[in-house]
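Next up, entry01.cif (mmCIF, N, CA and C atoms and all ligand atoms):
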```
data_target
#
loop_
_atom_site.label_atom_id
_atom_site.label_comp_id
_atom_site.auth_asym_id
_atom_site.auth_seq_id
_atom_site.Cartn_x
_atom_site.Cartn_y
_atom_site.Cartn_z
N MET B 985 226.75 64.92 90.08
CA MET B 985 226.85 64.13 88.84
C MET B 985 227.94 64.72 87.94
N THR B 986 228.89 63.90 87.55
CA THR B 986 229.98 64.38 86.70
C THR B 986 229.55 64.35 85.24
N SER B 987 230.32 65.01 84.39
CA SER B 987 229.99 65.02 82.97
C SER B 987 230.17 63.62 82.38
N GLN B 988 231.02 62.85 83.03
CA GLN B 988 231.20 61.46 82.60
C GLN B 988 229.94 60.65 82.87
N ASP B 989 229.35 60.87 84.06
CA ASP B 989 228.09 60.22 84.41
C ASP B 989 227.02 60.59 83.39
N LEU B 990 226.95 61.87 83.08
CA LEU B 990 225.95 62.36 82.14
C LEU B 990 226.09 61.69 80.78
N GLU B 991 227.33 61.57 80.35
CA GLU B 991 227.61 60.95 79.06
C GLU B 991 227.15 59.49 79.06
N LYS B 992 227.48 58.83 80.16
CA LYS B 992 227.12 57.42 80.31
C LYS B 992 225.60 57.25 80.32
N LEU B 993 224.91 58.12 81.05
CA LEU B 993 223.45 58.05 81.14
C LEU B 993 222.78 58.36 79.81
N THR B 994 223.35 59.33 79.08
CA THR B 994 222.82 59.66 77.76
C THR B 994 222.90 58.44 76.86
N GLN B 995 224.04 57.75 76.93
CA GLN B 995 224.26 56.55 76.13
C GLN B 995 223.29 55.43 76.54
N LEU B 996 223.14 55.24 77.85
CA LEU B 996 222.24 54.19 78.36
C LEU B 996 220.80 54.44 77.91
N LEU B 997 220.38 55.69 77.97
CA LEU B 997 219.01 56.03 77.58
C LEU B 997 218.81 55.81 76.09
N LYS B 998 219.84 56.12 75.31
CA LYS B 998 219.76 55.91 73.87
C LYS B 998 219.57 54.42 73.57
N GLU B 999 220.34 53.60 74.28
CA GLU B 999 220.24 52.15 74.07
C GLU B 999 218.87 51.63 74.50
N GLU B 1000 218.38 52.15 75.64
CA GLU B 1000 217.06 51.76 76.12
C GLU B 1000 215.99 52.15 75.11
N GLU B 1001 216.15 53.32 74.51
CA GLU B 1001 215.17 53.81 73.54
C GLU B 1001 215.13 52.90 72.32
N ILE B 1002 216.31 52.56 71.80
CA ILE B 1002 216.39 51.69 70.62
C ILE B 1002 215.73 50.35 70.90
N LEU B 1003 216.03 49.80 72.08
CA LEU B 1003 215.48 48.51 72.49
C LEU B 1003 213.96 48.58 72.63
N ALA B 1004 213.49 49.63 73.28
CA ALA B 1004 212.04 49.79 73.50
C ALA B 1004 211.31 49.94 72.17
N ARG B 1005 211.90 50.71 71.25
CA ARG B 1005 211.26 50.90 69.95
C ARG B 1005 211.23 49.60 69.16
N LYS B 1006 212.27 48.80 69.31
CA LYS B 1006 212.35 47.52 68.61
C LYS B 1006 211.27 46.59 69.16
N GLU B 1007 211.18 46.52 70.49
CA GLU B 1007 210.19 45.65 71.12
C GLU B 1007 208.77 46.10 70.79
N LEU B 1008 208.60 47.39 70.78
CA LEU B 1008 207.29 47.94 70.45
C LEU B 1008 206.92 47.61 69.01
N GLY B 1009 207.91 47.61 68.13
CA GLY B 1009 207.69 47.30 66.73
C GLY B 1009 207.24 45.86 66.50
N GLU B 1010 207.49 45.00 67.48
CA GLU B 1010 207.11 43.60 67.36
C GLU B 1010 205.67 43.36 67.78
N VAL B 1011 205.12 44.25 68.60
CA VAL B 1011 203.74 44.05 69.05
C VAL B 1011 202.80 45.15 68.56
N ALA B 1012 203.37 46.19 67.94
CA ALA B 1012 202.52 47.30 67.53
C ALA B 1012 203.06 47.92 66.25
N VAL B 1013 202.19 48.60 65.53
CA VAL B 1013 202.62 49.32 64.34
C VAL B 1013 202.49 50.81 64.61
N ALA B 1014 203.40 51.57 64.05
CA ALA B 1014 203.35 53.02 64.23
C ALA B 1014 202.07 53.56 63.62
N ASP B 1015 201.46 54.48 64.30
CA ASP B 1015 200.24 55.10 63.82
C ASP B 1015 200.53 56.57 63.53
N PRO B 1016 200.77 56.89 62.25
CA PRO B 1016 201.20 58.25 61.91
C PRO B 1016 200.16 59.30 62.29
N ALA B 1017 198.90 58.89 62.32
CA ALA B 1017 197.82 59.84 62.63
C ALA B 1017 197.98 60.41 64.04
N SER B 1018 198.30 59.54 64.98
CA SER B 1018 198.41 60.00 66.36
C SER B 1018 199.85 60.22 66.78
N GLY B 1019 200.80 59.75 65.94
CA GLY B 1019 202.20 59.84 66.33
C GLY B 1019 202.58 58.76 67.31
N GLY B 1020 201.63 57.87 67.61
CA GLY B 1020 201.88 56.81 68.58
C GLY B 1020 201.91 55.45 67.92
N PHE B 1021 201.42 54.47 68.64
CA PHE B 1021 201.43 53.11 68.15
C PHE B 1021 200.06 52.47 68.31
N GLN B 1022 199.78 51.51 67.43
CA GLN B 1022 198.57 50.72 67.53
C GLN B 1022 198.97 49.26 67.67
N PRO B 1023 198.30 48.51 68.54
CA PRO B 1023 198.64 47.09 68.64
C PRO B 1023 198.41 46.40 67.30
N ILE B 1024 199.28 45.45 66.96
CA ILE B 1024 199.10 44.69 65.73
C ILE B 1024 197.88 43.78 65.91
N PRO B 1025 196.89 43.92 65.04
CA PRO B 1025 195.73 43.04 65.18
C PRO B 1025 196.09 41.64 64.70
N ALA B 1026 195.46 40.64 65.28
CA ALA B 1026 195.70 39.28 64.84
C ALA B 1026 195.21 39.14 63.40
N ASP B 1027 195.81 38.23 62.67
CA ASP B 1027 195.55 38.05 61.26
C ASP B 1027 194.38 37.08 61.04
N TYR B 1028 193.33 37.55 60.41
CA TYR B 1028 192.15 36.70 60.22
C TYR B 1028 192.05 36.16 58.80
N GLU B 1029 193.10 36.26 58.05
CA GLU B 1029 193.08 35.85 56.65
C GLU B 1029 192.69 34.38 56.47
N GLY B 1030 192.00 34.11 55.39
CA GLY B 1030 191.70 32.73 55.02
C GLY B 1030 190.62 32.10 55.88
N ASP B 1031 190.46 30.82 55.70
CA ASP B 1031 189.48 30.07 56.48
C ASP B 1031 190.03 29.80 57.86
N VAL B 1032 189.35 30.27 58.87
CA VAL B 1032 189.82 29.98 60.24
C VAL B 1032 188.75 29.24 61.00
N ARG B 1033 189.20 28.28 61.76
CA ARG B 1033 188.27 27.57 62.62
C ARG B 1033 188.07 28.40 63.89
N GLU B 1034 187.08 27.96 64.67
CA GLU B 1034 186.75 28.76 65.85
C GLU B 1034 187.88 28.83 66.88
N ASP B 1035 188.61 27.72 67.04
CA ASP B 1035 189.70 27.76 68.02
C ASP B 1035 190.84 28.66 67.55
N ASP B 1036 190.97 28.80 66.21
CA ASP B 1036 191.95 29.74 65.68
C ASP B 1036 191.57 31.17 66.05
N ILE B 1037 190.30 31.45 65.89
CA ILE B 1037 189.81 32.80 66.21
C ILE B 1037 190.08 33.12 67.67
N ALA B 1038 189.80 32.16 68.54
CA ALA B 1038 190.03 32.36 69.97
C ALA B 1038 191.52 32.61 70.24
N ARG B 1039 192.36 31.82 69.58
CA ARG B 1039 193.80 31.95 69.78
C ARG B 1039 194.29 33.33 69.32
N GLU B 1040 193.79 33.74 68.14
CA GLU B 1040 194.24 35.02 67.60
C GLU B 1040 193.74 36.20 68.45
N ALA B 1041 192.55 36.02 69.02
CA ALA B 1041 192.03 37.07 69.90
C ALA B 1041 192.94 37.22 71.12
N THR B 1042 193.45 36.08 71.60
CA THR B 1042 194.36 36.10 72.74
C THR B 1042 195.65 36.82 72.38
N ILE B 1043 196.14 36.56 71.16
CA ILE B 1043 197.37 37.24 70.71
C ILE B 1043 197.15 38.75 70.68
N THR B 1044 195.99 39.15 70.12
CA THR B 1044 195.70 40.58 70.05
C THR B 1044 195.66 41.19 71.45
N GLU B 1045 195.04 40.48 72.39
CA GLU B 1045 194.96 40.97 73.77
C GLU B 1045 196.34 41.10 74.40
N THR B 1046 197.17 40.08 74.18
CA THR B 1046 198.52 40.10 74.73
C THR B 1046 199.31 41.25 74.12
N ASN B 1047 199.19 41.42 72.81
CA ASN B 1047 199.89 42.52 72.15
C ASN B 1047 199.45 43.87 72.69
N THR B 1048 198.15 44.00 72.95
CA THR B 1048 197.63 45.26 73.46
C THR B 1048 198.21 45.57 74.84
N ALA B 1049 198.27 44.55 75.70
CA ALA B 1049 198.81 44.74 77.05
C ALA B 1049 200.30 45.08 76.98
N LEU B 1050 201.03 44.35 76.15
CA LEU B 1050 202.46 44.59 75.98
C LEU B 1050 202.71 45.97 75.40
N GLU B 1051 201.88 46.33 74.44
CA GLU B 1051 202.02 47.60 73.77
C GLU B 1051 201.86 48.75 74.77
N GLN B 1052 200.87 48.62 75.66
CA GLN B 1052 200.65 49.63 76.69
C GLN B 1052 201.87 49.77 77.59
N GLU B 1053 202.39 48.63 78.00
CA GLU B 1053 203.52 48.60 78.91
C GLU B 1053 204.76 49.22 78.26
N LEU B 1054 205.02 48.79 77.03
CA LEU B 1054 206.20 49.28 76.32
C LEU B 1054 206.08 50.76 75.98
N LYS B 1055 204.87 51.18 75.71
CA LYS B 1055 204.63 52.59 75.38
C LYS B 1055 204.95 53.46 76.59
N HIS B 1056 204.49 53.02 77.76
CA HIS B 1056 204.81 53.76 78.99
C HIS B 1056 206.31 53.78 79.24
N HIS B 1057 206.95 52.64 78.98
CA HIS B 1057 208.39 52.52 79.15
C HIS B 1057 209.11 53.51 78.24
N LEU B 1058 208.70 53.52 76.97
CA LEU B 1058 209.33 54.42 76.00
C LEU B 1058 209.09 55.88 76.38
N GLU B 1059 207.90 56.19 76.84
CA GLU B 1059 207.60 57.56 77.25
C GLU B 1059 208.50 58.00 78.41
N ALA B 1060 208.74 57.08 79.34
CA ALA B 1060 209.61 57.38 80.48
C ALA B 1060 211.03 57.65 80.00
N ILE B 1061 211.47 56.88 79.01
CA ILE B 1061 212.82 57.07 78.45
C ILE B 1061 212.92 58.44 77.77
N LEU B 1062 211.92 58.76 76.95
CA LEU B 1062 211.94 60.03 76.22
C LEU B 1062 211.89 61.21 77.19
N LYS B 1063 211.13 61.04 78.25
CA LYS B 1063 211.00 62.08 79.27
C LYS B 1063 212.35 62.30 79.96
N ALA B 1064 213.03 61.20 80.26
CA ALA B 1064 214.34 61.28 80.91
C ALA B 1064 215.34 61.96 79.98
N GLN B 1065 215.27 61.66 78.69
CA GLN B 1065 216.18 62.29 77.72
C GLN B 1065 215.94 63.80 77.65
N GLU B 1066 214.65 64.16 77.71
CA GLU B 1066 214.29 65.56 77.67
C GLU B 1066 214.85 66.29 78.90
N LYS B 1067 214.75 65.62 80.04
CA LYS B 1067 215.24 66.21 81.28
C LYS B 1067 216.76 66.32 81.28
N LEU B 1068 217.43 65.39 80.62
CA LEU B 1068 218.89 65.47 80.49
C LEU B 1068 219.26 66.74 79.73
N LYS B 1069 218.48 67.04 78.70
CA LYS B 1069 218.74 68.21 77.86
C LYS B 1069 218.50 69.49 78.62
N THR B 1070 217.45 69.51 79.44
CA THR B 1070 217.07 70.74 80.12
C THR B 1070 217.74 70.87 81.49
N GLY B 1071 218.50 69.85 81.89
CA GLY B 1071 219.22 69.93 83.15
C GLY B 1071 218.37 69.61 84.36
N HIS B 1072 217.24 68.97 84.17
CA HIS B 1072 216.38 68.59 85.30
C HIS B 1072 216.47 67.11 85.61
N TYR B 1073 217.46 66.48 85.03
CA TYR B 1073 217.57 65.04 85.16
C TYR B 1073 218.08 64.64 86.55
N GLY B 1074 217.57 63.49 87.04
CA GLY B 1074 218.10 62.92 88.27
C GLY B 1074 217.51 63.50 89.53
N ILE B 1075 216.42 64.27 89.37
CA ILE B 1075 215.73 64.83 90.54
C ILE B 1075 214.42 64.06 90.72
N CYS B 1076 214.17 63.58 91.94
CA CYS B 1076 212.94 62.86 92.23
C CYS B 1076 211.73 63.77 91.96
N GLU B 1077 210.78 63.26 91.19
CA GLU B 1077 209.63 64.09 90.82
C GLU B 1077 208.65 64.27 91.96
N LYS B 1078 208.81 63.48 93.00
CA LYS B 1078 207.87 63.57 94.11
C LYS B 1078 208.42 64.46 95.23
N CYS B 1079 209.65 64.13 95.68
CA CYS B 1079 210.15 64.86 96.85
C CYS B 1079 211.29 65.82 96.51
N GLY B 1080 211.79 65.76 95.27
CA GLY B 1080 212.77 66.73 94.85
C GLY B 1080 214.22 66.48 95.24
N VAL B 1081 214.50 65.33 95.86
CA VAL B 1081 215.89 65.05 96.19
C VAL B 1081 216.62 64.51 94.96
N GLU B 1082 217.94 64.59 95.01
CA GLU B 1082 218.72 64.03 93.91
C GLU B 1082 218.70 62.51 94.00
N ILE B 1083 218.39 61.87 92.89
CA ILE B 1083 218.39 60.40 92.85
C ILE B 1083 219.84 59.94 92.77
N PRO B 1084 220.24 58.98 93.64
CA PRO B 1084 221.63 58.53 93.63
C PRO B 1084 222.07 58.02 92.25
N ILE B 1085 223.30 58.34 91.89
CA ILE B 1085 223.81 57.98 90.57
C ILE B 1085 223.78 56.47 90.34
N GLU B 1086 223.98 55.69 91.42
CA GLU B 1086 223.96 54.23 91.27
C GLU B 1086 222.58 53.77 90.77
N ARG B 1087 221.55 54.39 91.31
CA ARG B 1087 220.18 54.04 90.91
C ARG B 1087 219.94 54.44 89.46
N LEU B 1088 220.43 55.60 89.08
CA LEU B 1088 220.23 56.08 87.72
C LEU B 1088 220.97 55.22 86.70
N LEU B 1089 222.15 54.78 87.08
CA LEU B 1089 222.92 53.93 86.16
C LEU B 1089 222.24 52.58 85.99
N ALA B 1090 221.58 52.11 87.07
CA ALA B 1090 220.88 50.83 86.98
C ALA B 1090 219.54 50.99 86.27
N MET B 1091 218.93 52.15 86.42
CA MET B 1091 217.61 52.41 85.84
C MET B 1091 217.56 53.87 85.37
N PRO B 1092 218.13 54.14 84.19
CA PRO B 1092 218.31 55.52 83.76
C PRO B 1092 217.02 56.32 83.58
N MET B 1093 215.88 55.62 83.47
CA MET B 1093 214.64 56.36 83.28
C MET B 1093 213.87 56.56 84.58
N ALA B 1094 214.56 56.28 85.72
CA ALA B 1094 213.91 56.43 87.01
C ALA B 1094 213.41 57.87 87.22
N GLN B 1095 212.17 58.00 87.68
CA GLN B 1095 211.61 59.33 87.91
C GLN B 1095 211.57 59.67 89.39
N PHE B 1096 211.69 58.62 90.22
CA PHE B 1096 211.59 58.83 91.66
C PHE B 1096 212.78 58.25 92.39
N CYS B 1097 213.05 58.78 93.58
CA CYS B 1097 214.08 58.20 94.43
C CYS B 1097 213.55 56.87 94.98
N ILE B 1098 214.43 56.12 95.63
CA ILE B 1098 214.03 54.80 96.10
C ILE B 1098 212.86 54.89 97.08
N ASP B 1099 212.91 55.88 97.97
CA ASP B 1099 211.84 56.05 98.96
C ASP B 1099 210.49 56.27 98.29
N CYS B 1100 210.46 57.14 97.31
CA CYS B 1100 209.20 57.50 96.67
C CYS B 1100 208.72 56.40 95.71
N ALA B 1101 209.66 55.67 95.13
CA ALA B 1101 209.28 54.60 94.20
C ALA B 1101 208.68 53.43 94.96
N GLY B 1102 209.14 53.25 96.21
CA GLY B 1102 208.66 52.11 97.00
C GLY B 1102 207.27 52.41 97.50
ZN ZN R 1201 211.59 61.05 96.32
#
```
Target encoding structure tokens, full file:
Amino acid sequence: MTSQDLEKLTQLLKEEEILARKELGEVAVADPASGGFQPIPADYEGDVREDDIAREATITETNTALEQELKHHLEAILKAQEKLKTGHYGICEKCGVEIPIERLLAMPMAQFCIDCAG
């Protein structure tokens, strides 16, 4: 991996992080107590009919699922950034081989080589 590759990957991860945080902000609110995120609860304000309640419950459920997914995504990005700093980046966490640069450029937060990911 060249220093140019590293620079490019650092930039890609930064962009991924910004995007993930933005998406997470749409389905979840930051929870300062845990340092994490909480799904945005559906809004029950005012008089709601029963079908409204059902609809809002569905929104809350969807937000919770999305929030989980995005949170894992963000964690993978942060982990990759940490590994870039410590020089452990681009090594498959399962078998220890170097992950091909093409794969990393396509998916900078990849933790496994293609064989292990499959
Ligand atoms: Zn592997």
If the box runs along x, y and z of the file and leaves 3 Å on each side of range 1056-1068 of chain B, what are its centre and edge lengths in Å, one decimal, as JSON?
```
{"center_x": 211.9, "center_y": 59.6, "center_z": 78.6, "size_x": 20.8, "size_y": 20.2, "size_z": 11.3}
```
Point to revise | Selection: 6 Å around range 1011-1023 of chain B, only N, CA and C atoms, excl. self and same-chain fewer than 4 positions, as a ChimeraX atom specification | key: /B:1007,1047-1048,1051
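Picture a line from atom N of Met1093 in chain B to atom N of Ile1061 in chain B; it runs 6.4 Å.
Near ligand ZN 1201 (chain R), at a distance of at most 5 Å and with only N, CA and C atoms and all ligand atoms counted, sit the residues Cys1076, Lys1078, Cys1079, Gly1080, Phe1096, Cys1097 and Cys1100 of chain B.
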Practice item. Mind listing the helix (DSSP H, G or I) residues of range 1021-1083 of chain B, per DSSP on the backbone, as a VMD selection string? Key: chain B and resid 1034 to 1070
**Study point:** Secondary structure check, strand (DSSP E) residues of chain B, as a ChimeraX atom specification
**Key:** /B:1012-1015,1020-1023
Take the residues that were just selected and, keeping N, CA and C atoms, output them as a CSV table (one decimal), keeping the file's coordinate frame.
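Saved to selection-v7.csv:
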```
chain,number,residue,atom,x,y,z
B,1012,ALA,N,203.4,46.2,67.9
B,1012,ALA,CA,202.5,47.3,67.5
B,1012,ALA,C,203.1,47.9,66.2
B,1013,VAL,N,202.2,48.6,65.5
B,1013,VAL,CA,202.6,49.3,64.3
B,1013,VAL,C,202.5,50.8,64.6
B,1014,ALA,N,203.4,51.6,64.0
B,1014,ALA,CA,203.4,53.0,64.2
B,1014,ALA,C,202.1,53.6,63.6
B,1015,ASP,N,201.5,54.5,64.3
B,1015,ASP,CA,200.2,55.1,63.8
B,1015,ASP,C,200.5,56.6,63.5
B,1020,GLY,N,201.6,57.9,67.6
B,1020,GLY,CA,201.9,56.8,68.6
B,1020,GLY,C,201.9,55.4,67.9
B,1021,PHE,N,201.4,54.5,68.6
B,1021,PHE,CA,201.4,53.1,68.2
B,1021,PHE,C,200.1,52.5,68.3
B,1022,GLN,N,199.8,51.5,67.4
B,1022,GLN,CA,198.6,50.7,67.5
B,1022,GLN,C,199.0,49.3,67.7
B,1023,PRO,N,198.3,48.5,68.5
B,1023,PRO,CA,198.6,47.1,68.6
B,1023,PRO,C,198.4,46.4,67.3
```
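Minimum distance to Leu996 in chain B across B:Gln1052, B:Thr1070, B:Gln1065, B:Thr1046 (counting only C-alpha atoms) occurs at B:Gln1065.
Between Glu1000 in chain B and the candidates B:Leu1058, B:Glu1034, B:Gly1071, B:Glu1082, the tightest atom-to-atom separation, counting only N, CA and C atoms, involves B:Leu1058.
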**Study point:** Option closest in space to Glu1040 in chain B, from B:Pro1084, B:Pro1092, B:Pro1025, B:Glu1059 [counting all atoms listed in the file]
**Key:** B:Pro1025
Check your understanding: How many Å lie between atom N of Asp989 in chain B and atom N of Asp1099 in chain B, rounded to one decimal?
Key -> 22.1 Å
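Relative to CA of Leu1068 in chain B, CA of Leu990 in chain B is found at 7.9 Å.
Compared by their closest atoms to Ala1004 in chain B, and using only N, CA and C atoms, the residues B:Lys1067, B:Arg1033, B:Lys1055, B:Arg1087 rank with B:Lys1055 nearest.
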